[in-house]
file input.cif (mmCIF, C-alpha atoms and all ligand atoms)
data_input
#
loop_
_atom_site.label_atom_id
_atom_site.label_comp_id
_atom_site.auth_asym_id
_atom_site.auth_seq_id
_atom_site.Cartn_x
_atom_site.Cartn_y
_atom_site.Cartn_z
CA MET A 1 0.00 0.00 0.00
CA ALA A 2 2.83 2.37 0.95
CA ASP A 3 4.46 1.42 -2.38
CA LEU A 4 1.30 2.39 -4.20
CA GLU A 5 1.25 5.78 -2.45
CA THR A 6 4.89 6.36 -3.43
CA PHE A 7 3.97 5.40 -6.99
CA ARG A 8 1.06 7.87 -6.87
CA ALA A 9 3.29 10.70 -5.69
CA GLU A 10 5.89 9.99 -8.38
CA THR A 11 3.23 9.67 -11.07
CA ARG A 12 1.59 12.93 -10.03
CA ALA A 13 4.92 14.76 -10.14
CA TRP A 14 5.82 13.26 -13.51
CA LEU A 15 2.45 14.16 -15.04
CA GLU A 16 2.68 17.71 -13.67
CA ALA A 17 6.08 18.13 -15.29
CA ASN A 18 5.34 16.35 -18.57
CA CYS A 19 1.70 16.75 -19.59
CA PRO A 20 1.49 19.88 -21.78
CA PRO A 21 -1.29 22.30 -20.66
CA GLU A 22 -3.07 21.91 -24.05
CA MET A 23 -3.38 18.17 -23.38
CA ARG A 24 -5.25 18.89 -20.13
CA GLN A 25 -8.17 20.47 -21.94
CA PRO A 26 -11.33 18.45 -22.67
CA LEU A 27 -11.59 17.11 -26.23
CA GLU A 28 -13.29 19.70 -28.41
CA ASP A 29 -13.60 17.76 -31.65
CA ALA A 30 -12.59 14.55 -33.40
CA GLU A 31 -9.20 15.98 -34.48
CA ASP A 32 -8.17 16.29 -30.84
CA ARG A 33 -7.77 12.54 -30.73
CA CYS A 34 -4.34 11.25 -31.72
CA TRP A 35 -4.42 8.05 -33.80
CA GLY A 36 -0.75 7.82 -34.81
CA GLY A 37 0.53 5.79 -37.76
CA ARG A 38 2.69 6.56 -40.79
CA LYS A 39 0.16 8.98 -42.28
CA TRP A 40 -0.61 10.85 -39.06
CA THR A 41 -0.15 14.64 -38.95
CA PHE A 42 -0.06 15.96 -35.40
CA LYS A 43 -2.60 18.67 -34.72
CA ASN A 44 -0.01 20.63 -32.76
CA GLU A 45 3.35 20.29 -31.01
CA ALA A 46 1.68 19.52 -27.67
CA GLN A 47 -0.05 16.45 -29.15
CA ARG A 48 3.28 15.19 -30.54
CA LEU A 49 5.17 15.80 -27.28
CA TRP A 50 2.50 14.13 -25.16
CA LEU A 51 2.55 10.96 -27.26
CA GLU A 52 6.35 10.88 -27.37
CA ARG A 53 6.73 11.31 -23.60
CA MET A 54 4.05 8.80 -22.64
CA ALA A 55 5.34 6.23 -25.17
CA ALA A 56 8.91 6.60 -23.88
CA ARG A 57 7.62 5.58 -20.43
CA GLY A 58 5.51 2.73 -21.84
CA TRP A 59 2.39 4.51 -20.57
CA THR A 60 0.41 4.40 -23.80
CA VAL A 61 -0.04 0.73 -22.79
CA PRO A 62 0.67 0.80 -19.05
CA GLU A 63 -0.05 -2.87 -18.37
CA TRP A 64 1.79 -4.41 -21.32
CA PRO A 65 5.18 -5.99 -20.54
CA VAL A 66 8.16 -3.62 -20.80
CA GLU A 67 9.86 -5.79 -23.48
CA TYR A 68 6.92 -5.11 -25.83
CA GLY A 69 6.88 -1.35 -25.30
CA GLY A 70 4.58 -1.32 -22.28
CA GLY A 71 4.94 0.19 -18.82
CA GLY A 72 4.95 -3.15 -16.99
CA LEU A 73 2.54 -1.72 -14.40
CA SER A 74 0.32 -3.83 -12.17
CA ARG A 75 -3.44 -3.36 -12.49
CA GLU A 76 -3.42 -1.30 -9.27
CA GLN A 77 -0.62 0.95 -10.54
CA ALA A 78 -2.39 1.38 -13.89
CA LYS A 79 -5.52 2.40 -11.99
CA VAL A 80 -3.51 5.01 -10.07
CA LEU A 81 -2.10 6.32 -13.34
CA ARG A 82 -5.64 6.61 -14.76
CA GLN A 83 -6.84 8.40 -11.63
CA GLU A 84 -3.93 10.83 -11.70
CA MET A 85 -4.52 11.54 -15.39
CA GLN A 86 -8.20 12.16 -14.68
CA ARG A 87 -7.28 14.46 -11.79
CA ILE A 88 -5.54 16.90 -14.14
CA GLY A 89 -7.91 16.21 -17.06
CA ALA A 90 -5.12 14.66 -19.17
CA ARG A 91 -6.19 13.31 -22.54
CA SER A 92 -5.34 9.86 -23.79
CA PRO A 93 -2.01 10.25 -25.63
CA LEU A 94 -2.99 7.68 -28.26
CA ASP A 95 -6.20 6.10 -29.52
CA SER A 96 -5.50 2.96 -31.46
CA PHE A 97 -7.12 -0.23 -32.73
CA GLY A 98 -3.65 -1.72 -32.19
CA ILE A 99 -3.88 -1.01 -28.47
CA TRP A 100 -7.57 -1.77 -27.97
CA MET A 101 -7.94 -4.81 -30.21
CA LEU A 102 -4.94 -6.37 -31.94
CA GLY A 103 -2.45 -5.93 -29.08
CA PRO A 104 -4.36 -8.06 -26.55
CA ALA A 105 -4.91 -10.74 -29.24
CA LEU A 106 -1.19 -10.77 -30.10
CA LEU A 107 -0.24 -10.97 -26.42
CA LYS A 108 -2.39 -14.10 -26.10
CA TYR A 109 -2.03 -15.79 -29.50
CA GLY A 110 1.02 -14.20 -31.23
CA THR A 111 4.41 -15.85 -31.67
CA GLU A 112 7.39 -14.26 -29.92
CA GLU A 113 8.54 -12.79 -33.27
CA GLN A 114 5.12 -11.28 -33.93
CA LYS A 115 5.02 -9.72 -30.45
CA LYS A 116 8.51 -8.25 -30.80
CA ARG A 117 7.81 -6.99 -34.29
CA PHE A 118 4.39 -5.40 -33.86
CA LEU A 119 3.71 -4.55 -30.20
CA PRO A 120 6.43 -1.89 -29.65
CA GLU A 121 5.39 -0.13 -32.89
CA ILE A 122 1.78 -0.14 -31.71
CA ALA A 123 2.78 1.20 -28.28
CA ARG A 124 4.71 4.09 -29.87
CA GLY A 125 1.86 4.93 -32.23
CA GLU A 126 3.99 4.29 -35.31
CA ILE A 127 1.62 1.89 -37.01
CA ARG A 128 -2.13 2.24 -37.44
CA TRP A 129 -4.37 -0.80 -37.86
CA CYS A 130 -7.75 -1.44 -39.37
CA GLN A 131 -10.07 -4.39 -38.83
CA GLY A 132 -11.08 -6.57 -41.78
CA TYR A 133 -13.92 -8.62 -40.30
CA SER A 134 -17.29 -7.65 -41.88
CA GLU A 135 -18.21 -8.51 -45.46
CA PRO A 136 -21.27 -7.60 -47.51
CA GLY A 137 -22.85 -10.98 -46.60
CA ALA A 138 -21.29 -11.42 -43.16
CA GLY A 139 -22.00 -8.93 -40.35
CA SER A 140 -23.80 -10.31 -37.31
CA ASP A 141 -23.30 -13.75 -38.83
CA LEU A 142 -19.58 -13.09 -39.15
CA ALA A 143 -18.57 -16.75 -39.46
CA SER A 144 -20.22 -16.82 -42.92
CA LEU A 145 -17.35 -14.73 -44.31
CA GLN A 146 -16.19 -15.66 -47.80
CA CYS A 147 -12.92 -13.79 -48.29
CA ARG A 148 -10.73 -16.59 -49.69
CA ALA A 149 -7.06 -17.33 -48.98
CA GLU A 150 -5.44 -19.55 -51.58
CA ASP A 151 -2.42 -21.52 -50.32
CA LYS A 152 0.70 -20.83 -52.40
CA GLY A 153 3.30 -22.61 -50.27
CA ASP A 154 5.11 -19.90 -48.28
CA HIS A 155 2.26 -17.40 -48.70
CA TRP A 156 -1.47 -17.02 -49.40
CA LEU A 157 -3.21 -15.01 -52.08
CA VAL A 158 -6.26 -13.34 -50.53
CA THR A 159 -9.25 -12.33 -52.65
CA GLY A 160 -12.59 -10.91 -51.56
CA GLN A 161 -14.32 -7.85 -50.19
CA LYS A 162 -14.51 -6.35 -46.72
CA ILE A 163 -16.96 -3.63 -45.76
CA TRP A 164 -17.42 -0.98 -43.05
CA THR A 165 -13.63 -1.09 -42.53
CA SER A 166 -13.08 1.86 -40.17
CA TYR A 167 -10.18 4.09 -41.28
CA ALA A 168 -9.03 1.59 -43.93
CA ASP A 169 -7.81 4.54 -46.01
CA GLN A 170 -5.76 5.86 -43.06
CA ALA A 171 -4.42 2.55 -41.80
CA ASP A 172 -0.97 1.05 -42.39
CA TRP A 173 -1.87 -2.59 -41.75
CA MET A 174 -5.01 -4.72 -41.54
CA PHE A 175 -5.86 -7.61 -39.20
CA CYS A 176 -8.16 -9.71 -41.28
CA LEU A 177 -10.32 -12.84 -41.17
CA VAL A 178 -10.00 -15.08 -44.23
CA ARG A 179 -11.34 -18.47 -45.22
CA THR A 180 -8.50 -20.97 -45.45
CA ASP A 181 -10.62 -24.14 -45.56
CA PRO A 182 -13.84 -23.77 -47.60
CA ALA A 183 -14.81 -27.41 -46.96
CA ALA A 184 -14.76 -27.23 -43.13
CA PRO A 185 -17.79 -26.19 -41.00
CA LYS A 186 -17.95 -22.40 -41.19
CA HIS A 187 -16.35 -21.57 -37.80
CA LEU A 188 -13.51 -24.02 -38.39
CA GLY A 189 -12.18 -22.88 -41.77
CA ILE A 190 -11.25 -19.30 -40.81
CA SER A 191 -7.75 -17.91 -40.16
CA PHE A 192 -6.59 -14.60 -38.66
CA VAL A 193 -3.89 -12.90 -40.74
CA LEU A 194 -2.03 -9.58 -40.92
CA PHE A 195 -0.93 -7.63 -43.99
CA ASP A 196 0.37 -4.23 -45.02
CA MET A 197 -2.26 -2.03 -46.69
CA GLN A 198 0.40 -1.04 -49.27
CA THR A 199 0.49 -4.61 -50.63
CA PRO A 200 -0.49 -4.69 -54.33
CA GLY A 201 -4.15 -5.69 -54.76
CA VAL A 202 -5.52 -3.71 -51.76
CA THR A 203 -7.90 -0.85 -52.62
CA THR A 204 -10.19 1.19 -50.39
CA LYS A 205 -13.26 3.25 -51.19
CA PRO A 206 -14.65 5.57 -48.48
CA ILE A 207 -18.36 5.33 -47.59
CA LEU A 208 -20.17 8.56 -46.73
CA LEU A 209 -22.06 8.56 -43.41
CA ILE A 210 -25.16 10.48 -42.33
CA SER A 211 -22.80 12.74 -40.33
CA GLY A 212 -21.25 13.93 -43.60
CA LYS A 213 -17.94 12.24 -42.75
CA SER A 214 -16.37 9.11 -44.22
CA PRO A 215 -14.69 7.27 -41.40
CA PHE A 216 -14.99 3.89 -43.01
CA CYS A 217 -14.55 2.13 -46.34
CA GLU A 218 -15.25 -0.74 -48.62
CA THR A 219 -11.98 -2.65 -48.95
CA PHE A 220 -11.28 -4.75 -52.03
CA LEU A 221 -8.67 -7.50 -51.93
CA ASP A 222 -7.47 -8.88 -55.24
CA SER A 223 -4.82 -11.63 -54.97
CA VAL A 224 -3.18 -9.89 -52.01
CA ARG A 225 0.02 -11.67 -50.94
CA VAL A 226 0.03 -12.56 -47.24
CA GLU A 227 3.14 -14.18 -45.78
CA LYS A 228 2.59 -17.36 -43.75
CA GLU A 229 4.59 -15.83 -40.88
CA ASN A 230 1.72 -13.33 -40.52
CA LEU A 231 -0.81 -15.95 -39.44
CA VAL A 232 -1.87 -15.29 -35.82
CA GLY A 233 -2.85 -18.37 -33.83
CA GLU A 234 -3.42 -21.72 -35.49
CA LEU A 235 -4.40 -22.29 -39.10
CA ASN A 236 -8.21 -22.61 -39.41
CA ARG A 237 -8.66 -21.62 -35.73
CA GLY A 238 -8.85 -17.88 -36.41
CA TRP A 239 -12.36 -17.81 -34.94
CA ASP A 240 -10.84 -18.23 -31.44
CA VAL A 241 -8.58 -15.21 -32.01
CA ALA A 242 -11.46 -13.24 -33.57
CA LYS A 243 -13.76 -13.85 -30.59
CA TYR A 244 -11.07 -12.93 -28.06
CA LEU A 245 -10.34 -9.72 -29.95
CA LEU A 246 -14.08 -8.91 -30.08
CA GLN A 247 -14.30 -9.04 -26.27
CA HIS A 248 -11.64 -6.31 -26.12
CA GLU A 249 -13.28 -4.35 -28.92
CA ARG A 250 -16.66 -4.43 -27.18
CA THR A 251 -15.22 -3.32 -23.86
CA MET A 252 -13.43 -0.49 -25.67
CA ILE A 253 -16.60 0.63 -27.48
CA GLY A 254 -18.52 0.41 -24.20
CA ALA A 255 -15.90 2.67 -22.60
CA MET A 256 -17.38 5.51 -24.66
CA GLY A 257 -19.94 5.62 -21.87
CA GLU A 258 -17.12 6.65 -19.50
CA VAL A 259 -17.34 10.38 -19.76
CA GLY A 260 -14.13 11.49 -18.04
CA ALA A 261 -12.45 12.91 -21.16
CA TYR A 262 -15.33 15.15 -22.18
CA ARG A 263 -16.65 18.50 -21.00
CA PRO A 264 -19.16 17.89 -18.17
CA LEU A 265 -22.74 17.90 -19.44
CA GLY A 266 -23.94 20.33 -16.77
CA GLN A 267 -21.35 22.86 -17.92
CA ILE A 268 -22.28 22.44 -21.60
CA ALA A 269 -25.96 22.91 -20.77
CA ALA A 270 -25.27 25.92 -18.51
CA ASN A 271 -23.28 27.57 -21.33
CA ALA A 272 -26.20 26.97 -23.70
CA ILE A 273 -29.20 27.96 -21.57
CA GLY A 274 -27.74 29.74 -18.53
CA HIS A 275 -28.57 29.23 -14.84
CA GLU A 276 -30.90 30.63 -12.22
CA GLY A 277 -29.78 30.87 -8.62
CA GLY A 278 -26.74 28.68 -9.38
CA MET A 279 -28.88 25.93 -10.94
CA LEU A 280 -29.46 25.02 -14.55
CA ALA A 281 -32.39 27.12 -15.80
CA ASP A 282 -34.43 24.21 -17.21
CA PRO A 283 -35.56 21.89 -14.34
CA LEU A 284 -36.48 18.98 -16.63
CA LEU A 285 -33.14 19.02 -18.38
CA ARG A 286 -31.47 19.39 -14.99
CA ALA A 287 -33.16 16.21 -13.79
CA ASP A 288 -32.25 14.32 -16.97
CA ILE A 289 -28.61 15.38 -16.68
CA ALA A 290 -28.49 14.41 -13.01
CA ARG A 291 -29.93 10.98 -13.86
CA PHE A 292 -27.40 10.60 -16.64
CA GLU A 293 -24.46 11.57 -14.39
CA VAL A 294 -25.51 9.02 -11.75
CA ASP A 295 -25.83 6.27 -14.38
CA ALA A 296 -22.48 7.25 -15.90
CA MET A 297 -20.82 7.09 -12.48
CA ALA A 298 -22.35 3.64 -11.83
CA PHE A 299 -21.13 2.53 -15.25
CA ARG A 300 -17.60 3.71 -14.52
CA LEU A 301 -17.59 1.61 -11.35
CA ALA A 302 -19.00 -1.37 -13.28
CA MET A 303 -16.13 -1.01 -15.78
CA GLU A 304 -13.59 -0.97 -12.93
CA ARG A 305 -15.18 -4.05 -11.37
CA ALA A 306 -15.25 -5.91 -14.69
CA GLY A 307 -11.55 -5.08 -15.20
CA ASP A 308 -10.66 -6.38 -11.75
CA MET A 309 -12.67 -9.57 -12.33
CA LEU A 310 -10.99 -10.10 -15.70
CA LYS A 311 -7.58 -9.79 -14.08
CA ALA A 312 -8.58 -12.19 -11.31
CA LYS A 313 -9.95 -14.57 -13.99
CA THR A 314 -13.37 -14.58 -12.29
CA GLY A 315 -15.18 -12.62 -15.03
CA ASN A 316 -17.52 -14.02 -17.66
CA PRO A 317 -16.24 -13.47 -21.24
CA ALA A 318 -19.76 -12.26 -22.07
CA ASP A 319 -19.37 -9.32 -19.62
CA ALA A 320 -17.91 -7.40 -22.58
CA SER A 321 -21.33 -7.60 -24.28
CA MET A 322 -22.99 -6.09 -21.21
CA LEU A 323 -20.48 -3.21 -21.08
CA LYS A 324 -20.78 -2.65 -24.82
CA TYR A 325 -24.56 -2.55 -24.69
CA TYR A 326 -24.85 -0.19 -21.74
CA GLY A 327 -21.87 2.03 -22.59
CA THR A 328 -23.15 2.71 -26.10
CA GLU A 329 -26.65 3.48 -24.78
CA LEU A 330 -25.08 5.97 -22.37
CA ASN A 331 -23.05 7.64 -25.10
CA LYS A 332 -26.18 8.01 -27.24
CA ARG A 333 -28.04 9.50 -24.26
CA ARG A 334 -25.19 11.95 -23.65
CA TYR A 335 -25.49 13.35 -27.17
CA GLU A 336 -29.29 13.46 -27.00
CA LEU A 337 -28.87 15.68 -23.92
CA ILE A 338 -26.28 17.87 -25.65
CA MET A 339 -28.70 18.36 -28.54
CA ALA A 340 -31.58 19.06 -26.14
CA ALA A 341 -29.49 21.67 -24.30
CA GLY A 342 -28.37 23.32 -27.54
CA GLY A 343 -31.90 23.64 -28.99
CA ALA A 344 -32.06 24.87 -32.58
CA ASP A 345 -28.44 26.14 -32.37
CA ALA A 346 -27.25 22.57 -31.92
CA LEU A 347 -28.50 21.74 -35.42
CA GLU A 348 -26.04 24.15 -37.07
CA TRP A 349 -24.10 22.21 -39.66
CA GLU A 350 -21.45 24.42 -41.22
CA SER A 351 -20.84 27.53 -39.09
CA GLU A 352 -17.56 28.39 -37.37
CA ARG A 353 -19.51 29.02 -34.17
CA SER A 354 -20.63 25.37 -34.07
CA ARG A 355 -17.14 24.14 -35.07
CA LYS A 356 -18.62 22.99 -38.37
CA GLY A 357 -21.56 21.29 -36.70
CA ASP A 358 -19.37 19.12 -34.51
CA ASP A 359 -22.09 18.36 -31.93
CA ALA A 360 -24.76 17.53 -34.53
CA ARG A 361 -22.34 15.37 -36.52
CA THR A 362 -21.15 13.54 -33.41
CA TRP A 363 -24.76 13.04 -32.28
CA LEU A 364 -25.53 11.38 -35.63
CA ARG A 365 -22.33 9.36 -35.39
CA THR A 366 -23.39 7.95 -32.00
CA LYS A 367 -26.32 6.22 -33.75
CA ALA A 368 -23.75 3.76 -35.10
CA ASN A 369 -22.43 2.90 -31.62
CA SER A 370 -25.09 0.25 -31.14
CA ILE A 371 -24.18 -1.34 -34.52
CA GLU A 372 -20.36 -1.30 -34.67
CA GLY A 373 -18.54 -4.15 -32.95
CA GLY A 374 -21.72 -6.23 -33.00
CA THR A 375 -25.27 -4.83 -32.77
CA SER A 376 -27.18 -4.27 -29.53
CA GLU A 377 -29.63 -7.04 -30.49
CA VAL A 378 -26.76 -9.48 -30.85
CA GLN A 379 -25.24 -8.36 -27.51
CA LEU A 380 -28.62 -8.90 -25.82
CA ASN A 381 -28.75 -12.41 -27.31
CA ILE A 382 -25.29 -13.14 -25.89
CA ILE A 383 -26.23 -11.74 -22.45
CA ALA A 384 -29.45 -13.81 -22.43
CA LYS A 385 -27.61 -16.99 -23.32
CA ARG A 386 -24.24 -16.73 -21.56
CA ILE A 387 -24.97 -14.59 -18.49
CA LEU A 388 -28.68 -15.03 -17.72
CA ASP A 389 -28.70 -18.65 -18.91
CA LEU A 390 -32.10 -18.17 -20.53
CA PRO A 391 -33.39 -20.91 -22.83
CA GLY A 392 -32.69 -20.39 -26.56
CA ALA A 393 -35.40 -19.87 -29.16
C1 LIG B 1 -19.49 2.95 -37.47
C2 LIG B 1 -19.19 1.53 -37.80
C3 LIG B 1 -17.88 1.10 -37.85
C4 LIG B 1 -17.59 -0.22 -38.19
N1 LIG B 1 -16.27 -0.60 -38.28
C5 LIG B 1 -15.98 -1.84 -38.68
C6 LIG B 1 -14.61 -2.23 -38.88
O1 LIG B 1 -13.69 -1.44 -38.68
N2 LIG B 1 -14.35 -3.47 -39.32
C7 LIG B 1 -15.34 -4.39 -39.54
O2 LIG B 1 -15.02 -5.50 -39.92
N3 LIG B 1 -16.66 -4.06 -39.38
C8 LIG B 1 -16.98 -2.81 -38.95
N4 LIG B 1 -18.30 -2.45 -38.78
C9 LIG B 1 -19.36 -3.41 -39.12
C10 LIG B 1 -20.15 -3.95 -37.94
O3 LIG B 1 -19.41 -4.88 -37.22
C11 LIG B 1 -21.43 -4.55 -38.54
O4 LIG B 1 -22.18 -3.49 -39.09
C12 LIG B 1 -22.25 -5.27 -37.49
O5 LIG B 1 -21.61 -6.42 -37.04
C13 LIG B 1 -23.67 -5.64 -38.03
O6 LIG B 1 -23.58 -6.32 -39.22
P1 LIG B 1 -24.43 -5.86 -40.50
O7 LIG B 1 -24.20 -4.39 -40.69
O8 LIG B 1 -24.08 -6.75 -41.63
O9 LIG B 1 -25.94 -6.03 -40.07
P2 LIG B 1 -26.79 -7.39 -40.08
O10 LIG B 1 -26.00 -8.48 -39.44
O11 LIG B 1 -27.30 -7.61 -41.45
O12 LIG B 1 -27.97 -7.00 -39.11
C14 LIG B 1 -29.11 -6.26 -39.55
C15 LIG B 1 -30.10 -6.14 -38.40
O13 LIG B 1 -30.53 -7.45 -38.00
C16 LIG B 1 -30.32 -7.65 -36.62
N5 LIG B 1 -29.90 -9.03 -36.36
C17 LIG B 1 -29.01 -9.77 -37.06
N6 LIG B 1 -28.88 -10.98 -36.52
C18 LIG B 1 -29.69 -11.03 -35.43
C19 LIG B 1 -29.99 -12.01 -34.45
N7 LIG B 1 -29.40 -13.22 -34.45
N8 LIG B 1 -30.88 -11.69 -33.46
C20 LIG B 1 -31.49 -10.47 -33.42
N9 LIG B 1 -31.25 -9.50 -34.34
C21 LIG B 1 -30.34 -9.76 -35.32
C22 LIG B 1 -29.18 -6.71 -36.23
O14 LIG B 1 -29.21 -6.39 -34.85
C23 LIG B 1 -29.48 -5.52 -37.14
O15 LIG B 1 -30.43 -4.68 -36.52
C24 LIG B 1 -18.64 -1.14 -38.45
C25 LIG B 1 -19.97 -0.71 -38.39
C26 LIG B 1 -20.26 0.60 -38.07
C27 LIG B 1 -21.68 1.04 -38.01
#

call {"tool": "encode", "arguments": {"input": "input.cif", "output": "structure tokens"}}
result
Amino acid sequence: MADLETFRAETRAWLEANCPPEMRQPLEDAEDRCWGGRKWTFKNEAQRLWLERMAARGWTVPEWPVEYGGGGLSREQAKVLRQEMQRIGARSPLDSFGIWMLGPALLKYGTEEQKKRFLPEIARGEIRWCQGYSEPGAGSDLASLQCRAEDKGDHWLVTGQKIWTSYADQADWMFCLVRTDPAAPKHLGISFVLFDMQTPGVTTKPILLISGKSPFCETFLDSVRVEKENLVGELNRGWDVAKYLLQHERTMIGAMGEVGAYRPLGQIAANAIGHEGGMLADPLLRADIARFEVDAMAFRLAMERAGDMLKAKTGNPADASMLKYYGTELNKRRYELIMAAGGADALEWESERSRKGDDARTWLRTKANSIEGGTSEVQLNIIAKRILDLPGA
């Protein structure tokens, strides 16, 4: 315990000295997030410095082992680091599919060479990943995927189409599910492979969303060469890796419901409609925001508890579905409240005053939260079956 308090004091001092003031401000828009990768342009010097300093300490991935670019912290130390970052309002130095999804899968299923090759680059934000799971005929029923990998001895040639591939046009590499045995039952003929998006035969085509942005793409694969050394896990057992990765993805998406990094709702609403006698002017909105804040606080504690249980190996793998479901509902509620507080002004789409309609666009974007990473209906099915033990249809 005394050790943990020493760690807290040292962490606090280090953060005070090293977190640039600009990185202690709440996120204002999507560009405030740092995604890293070869194509990344830092928004400002503070964003670059913050990533560099945190990565040098291994604190972009505090709990990963030091030899793979992590901080080697215990869960308790990582919690202290998170608390101390929250205390000064520090932003995450790096958002990354590599950290949230591929990294944990590589730590469990990767070979030593794969870990040494990819994990430190992910930790330093030098390589950006996209996820090639969904296909036009395989979304909720992901195991029906058809993307074919033809065995050519020391490599495969991969041909097919992926869809809804977030940031495929920005990514450096893809982790991808391919069919390596078309004759086997559908879950047993899938493999999990990695390839560089610069490989000949890879093309991406952005898809326009309701928000007016194009954060994801159709991805076409035409005889793309994939080296055998880039198979993760066993041949034809990629479904195990895919499911494990999905648990991490769902927990990460659910974490959107943790509101620490954003401007407090009460403050946003007070700026929009003012207050009377120190209280938000609209009593109904005030009550809705209070209810939201209580639920968000309870959710944060549920996330902490789920993390502790995972570490102690007492959690249920399906807990990720619960966190995904509730966290995405919370995030949608948060943006409904922001829109309610903003009234007609919140619908502005292009003006400078509205930062080019950032709130309205983000509100529309949240509609996808309950689809991406597996829909809410599918999560509820999983919860019913694996947690509540209800009889199947
Ligand atoms: C913003 C966003 C980003 C995404 N990013 C990626 C990415 O980077 N990589 C990637 O591979 N994919 C990505 N996806 C795709 C996502 O994983 C799929 O959209 C999702 O799994 C649903 O598949 P589908 O769109 O084919 O819908 P479908 O599976 O066709 O579902 C259609 C409707 O039927 C319902 N339904 C289906 N099956 C059942 C069932 N058994 N019980 C009850 N209801 C059911 C669904 O809930 C849904 O309402 C992204 C999606 C979005 C919206």

call {"tool": "closest_atom_pairs", "arguments": {"input": "input.cif", "of": "chain A", "to": "ligand LIG 1 (chain B)", "cutoff": "9 Å", "atoms": "all atoms listed in the file", "output": "Markdown table"}}
result
| residue | atom | partner | partner_atom | distance |
| --- | --- | --- | --- | --- |
| A:Phe97 | CA | B:LIG1 | O1 | 8.9 |
| A:Cys130 | CA | B:LIG1 | O1 | 6.0 |
| A:Gln131 | CA | B:LIG1 | N2 | 4.4 |
| A:Gly132 | CA | B:LIG1 | O2 | 4.5 |
| A:Tyr133 | CA | B:LIG1 | O2 | 3.3 |
| A:Ser134 | CA | B:LIG1 | O2 | 3.7 |
| A:Glu135 | CA | B:LIG1 | O2 | 7.1 |
| A:Pro136 | CA | B:LIG1 | O8 | 6.6 |
| A:Gly137 | CA | B:LIG1 | O8 | 6.6 |
| A:Ala138 | CA | B:LIG1 | O8 | 5.7 |
| A:Gly139 | CA | B:LIG1 | O6 | 3.3 |
| A:Ser140 | CA | B:LIG1 | O10 | 3.6 |
| A:Asp141 | CA | B:LIG1 | O10 | 6.0 |
| A:Leu142 | CA | B:LIG1 | O5 | 7.3 |
| A:Lys162 | CA | B:LIG1 | O2 | 6.9 |
| A:Ile163 | CA | B:LIG1 | N3 | 6.4 |
| A:Trp164 | CA | B:LIG1 | C8 | 4.5 |
| A:Thr165 | CA | B:LIG1 | O1 | 3.9 |
| A:Ser166 | CA | B:LIG1 | O1 | 3.7 |
| A:Tyr167 | CA | B:LIG1 | O1 | 7.0 |
| A:Ala168 | CA | B:LIG1 | O1 | 7.6 |
| A:Cys176 | CA | B:LIG1 | O2 | 8.2 |
| A:Leu177 | CA | B:LIG1 | O2 | 8.8 |
| A:Leu209 | CA | B:LIG1 | C1 | 8.6 |
| A:Pro215 | CA | B:LIG1 | C1 | 7.6 |
| A:Phe216 | CA | B:LIG1 | C3 | 6.5 |
| A:Cys217 | CA | B:LIG1 | O1 | 8.5 |
| A:Arg365 | CA | B:LIG1 | C1 | 7.3 |
| A:Thr366 | CA | B:LIG1 | C1 | 8.4 |
| A:Lys367 | CA | B:LIG1 | C27 | 8.2 |
| A:Ala368 | CA | B:LIG1 | C27 | 4.5 |
| A:Asn369 | CA | B:LIG1 | C1 | 6.5 |
| A:Ser370 | CA | B:LIG1 | C27 | 7.7 |
| A:Ile371 | CA | B:LIG1 | C27 | 4.9 |
| A:Glu372 | CA | B:LIG1 | C25 | 3.8 |
| A:Gly373 | CA | B:LIG1 | O3 | 4.4 |
| A:Gly374 | CA | B:LIG1 | O5 | 4.0 |
| A:Thr375 | CA | B:LIG1 | O14 | 4.7 |
| A:Ser376 | CA | B:LIG1 | O14 | 6.1 |
| A:Glu377 | CA | B:LIG1 | O14 | 4.4 |
| A:Val378 | CA | B:LIG1 | N8 | 5.4 |
| A:Gln379 | CA | B:LIG1 | O14 | 8.6 |
| A:Leu380 | CA | B:LIG1 | C20 | 8.3 |
| A:Asn381 | CA | B:LIG1 | N8 | 6.5 |

call {"tool": "residues_around", "arguments": {"input": "input.cif", "residues": "range 108-111 of chain A", "least_positions_apart": "3", "cutoff": "9 Å", "atoms": "all atoms listed in the file", "output": "NGL selection string"}}
result
:A and (103-105 or 114-116 or 231-234 or 241 or 244)

call {"tool": "atom_distance", "arguments": {"input": "input.cif", "atom1": "CA of Glu31 in chain A", "atom2": "CA of Ile268 in chain A"}}
result
19.5 Å

call {"tool": "residues_around", "arguments": {"input": "input.cif", "residues": "range 14-21 of chain A", "least_positions_apart": "5", "cutoff": "8 Å", "atoms": "all atoms listed in the file", "output": "MDAnalysis selection string"}}
result
chainID A and resid 46 49:50 53 84:85 90

call {"tool": "atom_distance", "arguments": {"input": "input.cif", "atom1": "CA of Ala143 in chain A", "atom2": "CA of Gly254 in chain A"}}
result
23.0 Å

call {"tool": "atom_distance", "arguments": {"input": "input.cif", "atom1": "CA of Glu276 in chain A", "atom2": "CA of Arg334 in chain A"}}
result
22.6 Å

call {"tool": "closest_residue", "arguments": {"input": "input.cif", "among": "A:Ser321, A:Gln146, A:Ser223, A:Ser211", "to": "Ala183 in chain A", "atoms": "only C-alpha atoms"}}
result
A:Gln146

call {"tool": "closest_residue", "arguments": {"input": "input.cif", "among": "A:Gln86, A:Ser144, A:Thr41, A:Thr219", "to": "Ile207 in chain A", "atoms": "only C-alpha atoms"}}
result
A:Thr219

call {"tool": "residues_around", "arguments": {"input": "input.cif", "residues": "Leu284 in chain A", "least_positions_apart": "4", "cutoff": "12 Å", "atoms": "all atoms listed in the file", "output": "list of chain:residue names"}}
result
A:Ala269, A:Met279, A:Leu280, A:Asp288, A:Ile289, A:Ala290, A:Arg291, A:Leu337, A:Ala340, A:Ala341
